[in-house]
Amino acid sequence: MSTPTILITGAGGEMGHALIEALADAEVAIVATDLRPLPSNIAERCVAVLHGRDGDVTDPAFVRAAAEYPIERIFHLAAVLSTAAERDPVAAHRVNVEGTLNVLELAQMLGRRHDRSVRVLFPSTIAVYGFASLDDKVRCGRVRENDALEPQTLYGIAKLHCERLGIYYSSFYRRLSGEKPRVDFRALRFPGLISADTLPTGGTSDYAPEMLHAAARGEPYACFVRPDTQIPFMAMPDGVRALLQLAEAPVERLSRRVYNIGAFAPTAAEIAAAVRRYFPDASIEFAPDVHRQAIVDSWCADVDDSAARHDWGWQPQYDFERAFAEYLVPAVTRRYASVETTERR
Ligand code: AKB
């Protein structure tokens, strides 16, 4: 049997790095795309890297270039995150919606050409949920997949729309012409992700990783949300594991195409306390930004992920304590110690 080929869009981002590393020992040929060339340690793990116009999911050149490979599975990670999307909604819509449409068309075209279905893994987000007031958010508690789908950000609106596009391509594509759907779309609604290796850009859950990385670097941090702010979070290794696990799940086990996944849901004050426990000199103040605060206030406080647990055995490995003790703190400490050593040389 030949080695399966997978496509990873947005491979240069946080999750792309982590996913390519997690696939290091897997028998797969990786085609990676990004606007910019990838760092050599990531690029060398791929059979091809498409960048520039070929790596831009909004450009027809991307579809042409990617269609040259016998891709069976797509991890469509390219996206503009919530804060960046509020700054430039038109550009964010282009990337998040038109880019996803191109990926789905590519999958359909490849499926038709090779007479099989192409699995598309799509990181969606808790930003698809929207509450009009903090009272509503608190009253709802752990949100289920079909609750409160009233996103207030361009990012959340685009992701919700793309979830529905994915369902359309998987179940109803061109029903009138009789063409068979060739896409097997699966989405995870990710909470905020915290990585010890990389920092996110343009998100609104960024205060958690920023607080940790600033403390590890010995720099002060002004947190842009109130101490009582609560949304769900997850350690990056669990996020990548969830993507790979859903990608492998037999289709007959899936009762839906879009799943919540959760791990822990601390307040910003609890995150600051955990950071101070491991970095007692950390200087953290709270300086809420009214716009970014409104975004996280509109998101859910926690998620009900019982469907993922039941259907494909989702179970996070890291709760809040374990994430800090066994992953974040050791890895982030190693990371900045080695940066210091390199800088001193
Ligand atoms: C963001 O903050 O935009 C993302 C998300 C929660 O989807 N991390």
# chains A, B, ... in the order shown; residues from 1 in each chain; ligands from 1

call {"tool": "residues_near_ligand", "arguments": {"ligand": "ligand 1", "cutoff": "10 Å", "atoms": "only C-alpha atoms and all ligand atoms", "output": "ChimeraX atom specification"}}
result
/A:79-86,123-128,153,155-156,159,189-194,200-207,231-233,292,295-296,299

call {"tool": "residues_around", "arguments": {"residues": "Arg112 (chain A)", "least_positions_apart": "2", "cutoff": "12 Å", "atoms": "only C-alpha atoms", "output": "PyMOL selection string"}}
result
chain A and resi 67+70-72+105-110+114-118+179-183

call {"tool": "write_last_selection", "arguments": {"atoms": "C-alpha atoms", "output": "compact mmCIF listing (two decimals), in the first residue's frame"}}
result
# COMPACT_ATOMS: atom_id res chain seq x y z
CA ALA A 67 -4.34 19.20 -6.73
CA PRO A 70 -2.90 12.44 -4.31
CA ILE A 71 -4.22 13.96 -1.05
CA GLU A 72 -6.50 11.76 1.06
CA GLU A 105 -13.71 22.36 -3.56
CA LEU A 106 -10.19 20.92 -3.69
CA ALA A 107 -11.31 17.97 -1.54
CA GLN A 108 -14.36 17.36 -3.73
CA MET A 109 -12.25 17.56 -6.90
CA LEU A 110 -9.60 15.15 -5.53
CA HIS A 114 -9.45 9.33 -7.25
CA ASP A 115 -12.93 7.90 -6.66
CA ARG A 116 -12.82 8.08 -2.87
CA SER A 117 -13.84 10.45 -0.13
CA VAL A 118 -11.34 12.99 1.16
CA GLU A 179 -23.03 14.45 -8.17
CA LYS A 180 -21.85 12.35 -5.22
CA PRO A 181 -20.41 14.18 -2.18
CA ARG A 182 -16.73 13.21 -1.92
CA VAL A 183 -15.91 15.10 1.26

call {"tool": "atom_distance", "arguments": {"atom1": "CA of Val95 (chain A)", "atom2": "CA of Thr9 (chain A)"}}
result
11.4 Å

call {"tool": "closest_atom_pairs", "arguments": {"of": "region 204-309 of chain A", "to": "region 317-337 of chain A", "cutoff": "9 Å", "atoms": "only C-alpha atoms", "output": "CSV"}}
result
residue,atom,partner,partner_atom,distance
A:Leu212,CA,A:Val332,CA,8.2
A:His213,CA,A:Val332,CA,7.0
A:Ala216,CA,A:Thr333,CA,6.1
A:Arg217,CA,A:Tyr336,CA,6.4
A:Phe233,CA,A:Phe320,CA,8.7
A:Met234,CA,A:Tyr318,CA,7.7
A:Ala235,CA,A:Ala323,CA,6.2
A:Pro237,CA,A:Gln317,CA,8.6
A:Asp238,CA,A:Gln317,CA,6.5
A:Ala263,CA,A:Asp319,CA,5.9
A:Phe264,CA,A:Phe320,CA,5.7
A:Ala265,CA,A:Phe320,CA,8.0
A:Pro266,CA,A:Phe320,CA,7.7
A:Ile271,CA,A:Phe320,CA,9.0
A:Ala274,CA,A:Phe324,CA,7.5
A:Val275,CA,A:Phe324,CA,8.2
A:Tyr278,CA,A:Val329,CA,7.3

call {"tool": "residues_around", "arguments": {"residues": "region 18-24 of chain A", "least_positions_apart": "5", "cutoff": "9 Å", "atoms": "only C-alpha atoms", "output": "JSON, numbers by chain"}}
result
{"A": [8, 11, 13, 30, 42, 45, 46, 195, 197, 236, 237, 240, 241, 243, 244]}

call {"tool": "closest_residue", "arguments": {"among": "A:Trp314, A:Tyr129, A:Phe122, A:Tyr169", "to": "Ala78 (chain A)", "atoms": "only C-alpha atoms"}}
result
A:Phe122

call {"tool": "residues_around", "arguments": {"residues": "Trp312 (chain A)", "least_positions_apart": "3", "cutoff": "7 Å", "atoms": "only C-alpha atoms", "output": "ChimeraX atom specification"}}
result
/A:246,249,253,308-309

call {"tool": "write_last_selection", "arguments": {"atoms": "C-alpha atoms", "output": "mmCIF file, in the first residue's frame"}}
result
data_model
loop_
_atom_site.group_PDB
_atom_site.id
_atom_site.type_symbol
_atom_site.label_atom_id
_atom_site.label_comp_id
_atom_site.auth_asym_id
_atom_site.auth_seq_id
_atom_site.Cartn_x
_atom_site.Cartn_y
_atom_site.Cartn_z
ATOM 1 C CA LEU A 246 -11.165 12.452 15.225
ATOM 2 C CA ALA A 249 -12.533 7.677 14.017
ATOM 3 C CA ARG A 253 -19.124 6.007 15.140
ATOM 4 C CA ALA A 308 -17.000 13.511 21.640
ATOM 5 C CA ARG A 309 -16.365 11.365 24.722
#

call {"tool": "atom_distance", "arguments": {"atom1": "CA of His310 (chain A)", "atom2": "CA of Ala187 (chain A)"}}
result
15.9 Å

call {"tool": "closest_residue", "arguments": {"among": "A:Ser283, A:Ser298, A:Asn96, A:Thr198", "to": "Leu149 (chain A)", "atoms": "only C-alpha atoms"}}
result
A:Ser298

call {"tool": "select_by_dssp", "arguments": {"residues": "region 30-270 of chain A", "states": "strand (DSSP E)", "output": "PyMOL selection string"}}
result
chain A and resi 30-33+48-50+71-76+118-125+142-143+183-190+192-194+221-223+233-235+258-260

call {"tool": "closest_residue", "arguments": {"among": "A:Arg87, A:His51, A:His76, A:Arg144", "to": "Ile6 (chain A)", "atoms": "only C-alpha atoms"}}
result
A:His76

call {"tool": "closest_residue", "arguments": {"among": "A:Arg186, A:Arg175, A:Arg53, A:Arg64", "to": "Val258 (chain A)", "atoms": "only C-alpha atoms"}}
result
A:Arg186

call {"tool": "closest_residue", "arguments": {"among": "A:Asp228, A:Glu219, A:Asp54, A:Glu163", "to": "Leu104 (chain A)", "atoms": "only C-alpha atoms"}}
result
A:Glu163

call {"tool": "atom_distance", "arguments": {"atom1": "CA of Gly262 (chain A)", "atom2": "CA of Arg276 (chain A)"}}
result
24.1 Å

call {"tool": "residues_around", "arguments": {"residues": "Val138 (chain A)", "least_positions_apart": "5", "cutoff": "9 Å", "atoms": "only C-alpha atoms", "output": "PyMOL selection string"}}
result
chain A and resi 133+300-301

call {"tool": "write_last_selection", "arguments": {"atoms": "C-alpha atoms", "output": "mmCIF file, in the first residue's frame"}}
result
data_model
loop_
_atom_site.group_PDB
_atom_site.id
_atom_site.type_symbol
_atom_site.label_atom_id
_atom_site.label_comp_id
_atom_site.auth_asym_id
_atom_site.auth_seq_id
_atom_site.Cartn_x
_atom_site.Cartn_y
_atom_site.Cartn_z
ATOM 1 C CA SER A 133 -24.886 39.232 28.562
ATOM 2 C CA CYS A 300 -19.033 30.286 26.703
ATOM 3 C CA ALA A 301 -17.602 29.676 30.181
#

call {"tool": "residues_around", "arguments": {"residues": "Ala132 (chain A)", "least_positions_apart": "5", "cutoff": "9 Å", "atoms": "only C-alpha atoms", "output": "PyMOL selection string"}}
result
chain A and resi 137+150+152+297-298

call {"tool": "closest_residue", "arguments": {"among": "A:Asp34, A:Asp147, A:Asp88, A:Glu285", "to": "Met211 (chain A)", "atoms": "only C-alpha atoms"}}
result
A:Glu285
